[in-house]
Structure formats: structure tokens, C-alpha cells
Amino acid sequence: MAKRLPLIAGNWKMNNNHLEAIALVQKLAFGLNDKDYDNAEVVVLPPFTDLRSVQTLVDGDKLKIGYGAQDISAQDKGAYTGEISGAMLAKLDCSYVLVGHSERREYHNEDDALVNAKVKAAYRHGIVPILCVGEGLEVRKAGQQVEHVLAQLDGALKEVTAEQAERIVVAYEPVWAIGTGEVATPGDAQEVCAAVRARLAELYSPEVAGAVRVLYGGSVKGDNAPGIMAEDDVDGALVGGACLKADEFVKVIRFGER
Ligand SMILES: O=C[C@H](O)COP(=O)(O)O
């Protein structure tokens with residue numbers, strides 16, 4: 001089975017205006033070399049208002065950095081004030097879109113049915129969803145993390161075909177580890193990422209499960225990335241705070257060298 005190319009995705013969340021976006025991507029590109037791009041796919045996920053600037057920079061300077069959005073509407077067009085459609089993101093050449101991030105689930109009441117509709121919207125427009133799943137602290141304390149994450153996965157993948165599913169990226173982000181400095185142990189990450197892969201094998205096939213990249217996210221930094229990424233079923237990272245500084249993000253991207 002072909003080895004999965006690690007994916008290191010930086011979720012900027014609600015940080016950086018379009019001018020700051022250009023400066024950050026330029027600095028990131030300056031810090032990376034061909035070997036880095038051979039070892040990992042590098043993606044940034046800026047706010048919507050930055051996407052056109054990032055597209056222009058990536059195209060103009062022929063950068064090998066990919067980009068995508070942090071959310072997508074479940075609808076394709078119409079009277080949905082404030083929403084951004086998959087068609088609009090596709091027109092900006094977005095390769096990826098985050099779906100079901102825990103901050104969307106918490107602050108915007110996104111449930112599994114809406115997450116499922118957004119996953120399908122992404123596929124309708126040729127954009128790869130980065131599906132976020134993860135348990136809160138209470139669920140973790142009760143030892144129910146695997147059941148919780150698999151239920152989110154099942155809900156998000158309703159009516160998603162095998163052909164679509166083999167392109168998905170799943171990001172396991174324990175909510176208690178996001179932005180807290182409280183990183184999961186490599187063993188914690190491996191337990192859930194392996195369970196996600198096993199469920200994909202049950203829902204689809206071993207081939208689909210073997211193709212899907214499963215990321216870990218939650219307080220990933222340059223110094224803890226190597227240990228987490230050494231786990232068999234962890235194929236990269238979804239990075240928040242540490243991606244806002246180009247130097248630190250480069251360290252995460254170089255996880256294999258430490
Ligand atoms: O999308 C990224 C995650 O929410 C992780 O954020 P963090 O690295 O700041 O903990």
C-alpha cells in the first residue's frame with residue numbers, strides 16, 4: 001500500500017487580515033525548501049477574507065503551499081446571509097475546507113447532520129473536507145472517547161460514497177487539548193486515530209481506510225510534533241496557535257528531522 005504523504009495544515013482561525021496573510025505566507029514559503037515539500041503536504045486555512053490574497057500570492061509566486069477555508073455552507077446558493085458556498089471556494093481554487101471544527105460545533109451549534117451536509121457540499125464542488133472530530137473532557141474522563149468520535153464519524157459520512165471517502169481527511173482533535181497547551185500523548189492520539197481507520201475499513205474497505213489521512217490536532221508545536229507523528233495511524237497535524245508564527249510552523253513541518 002502506498003505510504004500516505006503527511007499533511008500539515010495550519011488553521012489560522014480568526015487571525016490575520018489580508019495584508020497580514022500575505023506576509024505570513026511569504027515568510028512561511030521563505031522558510032521551506034524542496035525537501036520539506038517532499039516530506040509533507042503543507043496547507044494553510046486562512047479566514048475567508050484572506051483567501052483571494054493567498055490565491056494570488058500562491059499563483060503568482062508558484063508556491064507549493066496549498067490552501068483552503070475554515071467553513072463551507074451546506075447550501076449552494078441563495079438567500080443565506082453571511083454564508084460562503086462551495087462554488088465560491090472552488091472559484092478561489094481552495095483544495096480543502098475544514099468541516100465540523102469543535103469551535104463551529106460549540107459556538108455555532110453545528111450537529112452531525114449539518115456537518116454531514118457540509119461534507120457533501122464540499123464534494124459537490126471538488127473540495128476535500130478536513131473533517132474534525134473529537135471528545136470533550138467529560139467524555140475523555142469517562143473513557144468514552146472512541147465511541148464518541150466514531151459516532152461523529154458515522155454521522156458525518158452518511159451517504160458519502162467510497163470514492164468520495166477515500167479522499168477525505170479526518171482530524172482527531174480532543175477538545176480538551178485545543179489551545180490549552182494540554183497535548184494528548186502519542187498513545188492517546190494513536191488510540192483514536194487507529195479506531196477511526198478501523199471504522200473506515202468497516203464502513204467502506206481496507207483500501208479506503210489505508211488511503212485516508214488521519215491527523216491529530218490540539219496544542220501541536222515543534223517540540224511535540226515528532227512524538228505524535230511517529231505513531232502508525234497519525235498522518236499529520238491540524239495546527240492552531242503554532243501556525244501563526246512561520247518559524248514554529250516550519251518546525252512542525254520538519255517533524256521528521258528531530
Ligand atoms: O484547528 C486547530 C486546532 O483547533 C488546534 O488548535 P491549537 O493548536 O491552538 O490547540
# chains A, B, ... in the order shown; residues from 1 in each chain; ligands from 1
>>> residues_around(residues="Glu159 in chain A", least_positions_apart="4", cutoff="12 Å", atoms="only C-alpha atoms", output="MDAnalysis selection string")
chainID A and resid 113 116:117 119:120 123 154:155 163:165 203:204
>>> residues_around(residues="Lys251 in chain A", least_positions_apart="4", cutoff="12 Å", atoms="only C-alpha atoms", output="list of chain:residue names")
A:Ile8, A:Leu28, A:Gly31, A:Leu32, A:Asp36, A:Val220, A:Lys221, A:Gly222, A:Asp223, A:Asn224, A:Ala225, A:Pro226, A:Val239, A:Ala242, A:Cys243, A:Lys245, A:Ala246, A:Asp247, A:Phe255, A:Gly256, A:Glu257, A:Arg258
>>> write_last_selection(atoms="C-alpha atoms", output="PDB file, in the first residue's frame")
ATOM      1  CA  ILE A   8       0.413  19.561   7.987  1.00  0.00           C
ATOM      2  CA  LEU A  28       6.404  30.516   5.519  1.00  0.00           C
ATOM      3  CA  GLY A  31      11.378  29.133   5.441  1.00  0.00           C
ATOM      4  CA  LEU A  32      10.567  25.979   3.458  1.00  0.00           C
ATOM      5  CA  ASP A  36      10.123  19.916   3.196  1.00  0.00           C
ATOM      6  CA  VAL A 220       0.766  20.708  18.421  1.00  0.00           C
ATOM      7  CA  LYS A 221       4.109  22.536  18.419  1.00  0.00           C
ATOM      8  CA  GLY A 222       7.569  21.965  17.024  1.00  0.00           C
ATOM      9  CA  ASP A 223       8.758  20.061  20.059  1.00  0.00           C
ATOM     10  CA  ASN A 224       5.842  17.639  20.497  1.00  0.00           C
ATOM     11  CA  ALA A 225       5.110  17.009  16.786  1.00  0.00           C
ATOM     12  CA  PRO A 226       7.797  14.312  16.257  1.00  0.00           C
ATOM     13  CA  VAL A 239      -2.188  23.110  13.926  1.00  0.00           C
ATOM     14  CA  ALA A 242       1.679  27.336  16.393  1.00  0.00           C
ATOM     15  CA  CYS A 243       0.882  28.028  12.731  1.00  0.00           C
ATOM     16  CA  LYS A 245       4.360  32.059  13.636  1.00  0.00           C
ATOM     17  CA  ALA A 246       6.092  30.927  10.458  1.00  0.00           C
ATOM     18  CA  ASP A 247       9.206  29.695  12.306  1.00  0.00           C
ATOM     19  CA  PHE A 255       8.783  16.806  12.470  1.00  0.00           C
ATOM     20  CA  GLY A 256      10.728  14.011  10.781  1.00  0.00           C
ATOM     21  CA  GLU A 257      14.116  15.613  11.307  1.00  0.00           C
ATOM     22  CA  ARG A 258      14.157  15.769  15.079  1.00  0.00           C
TER      23      ARG A 258
END
>>> select_by_dssp(residues="range 34-158 of chain A", states="alpha helix (DSSP H)", output="VMD selection string")
chain A and resid 34 to 39 51 to 60 86 to 91 102 to 107 112 to 124 137 to 141 145 to 156
>>> residues_around(residues="Val183 in chain A", least_positions_apart="6", cutoff="6 Å", atoms="only C-alpha atoms", output="ChimeraX atom specification")
/A:177,218-219
>>> residues_near_ligand(ligand="ligand 1", cutoff="10 Å", atoms="only C-alpha atoms and all ligand atoms", output="NGL selection string")
:A and (9-13 or 45 or 70 or 98 or 101-103 or 132 or 171-183 or 216-221 or 237-244)
>>> select_by_dssp(residues="range 69-108 of chain A", states="strand (DSSP E or B)", output="PyMOL selection string")
chain A and resi 69+96-99
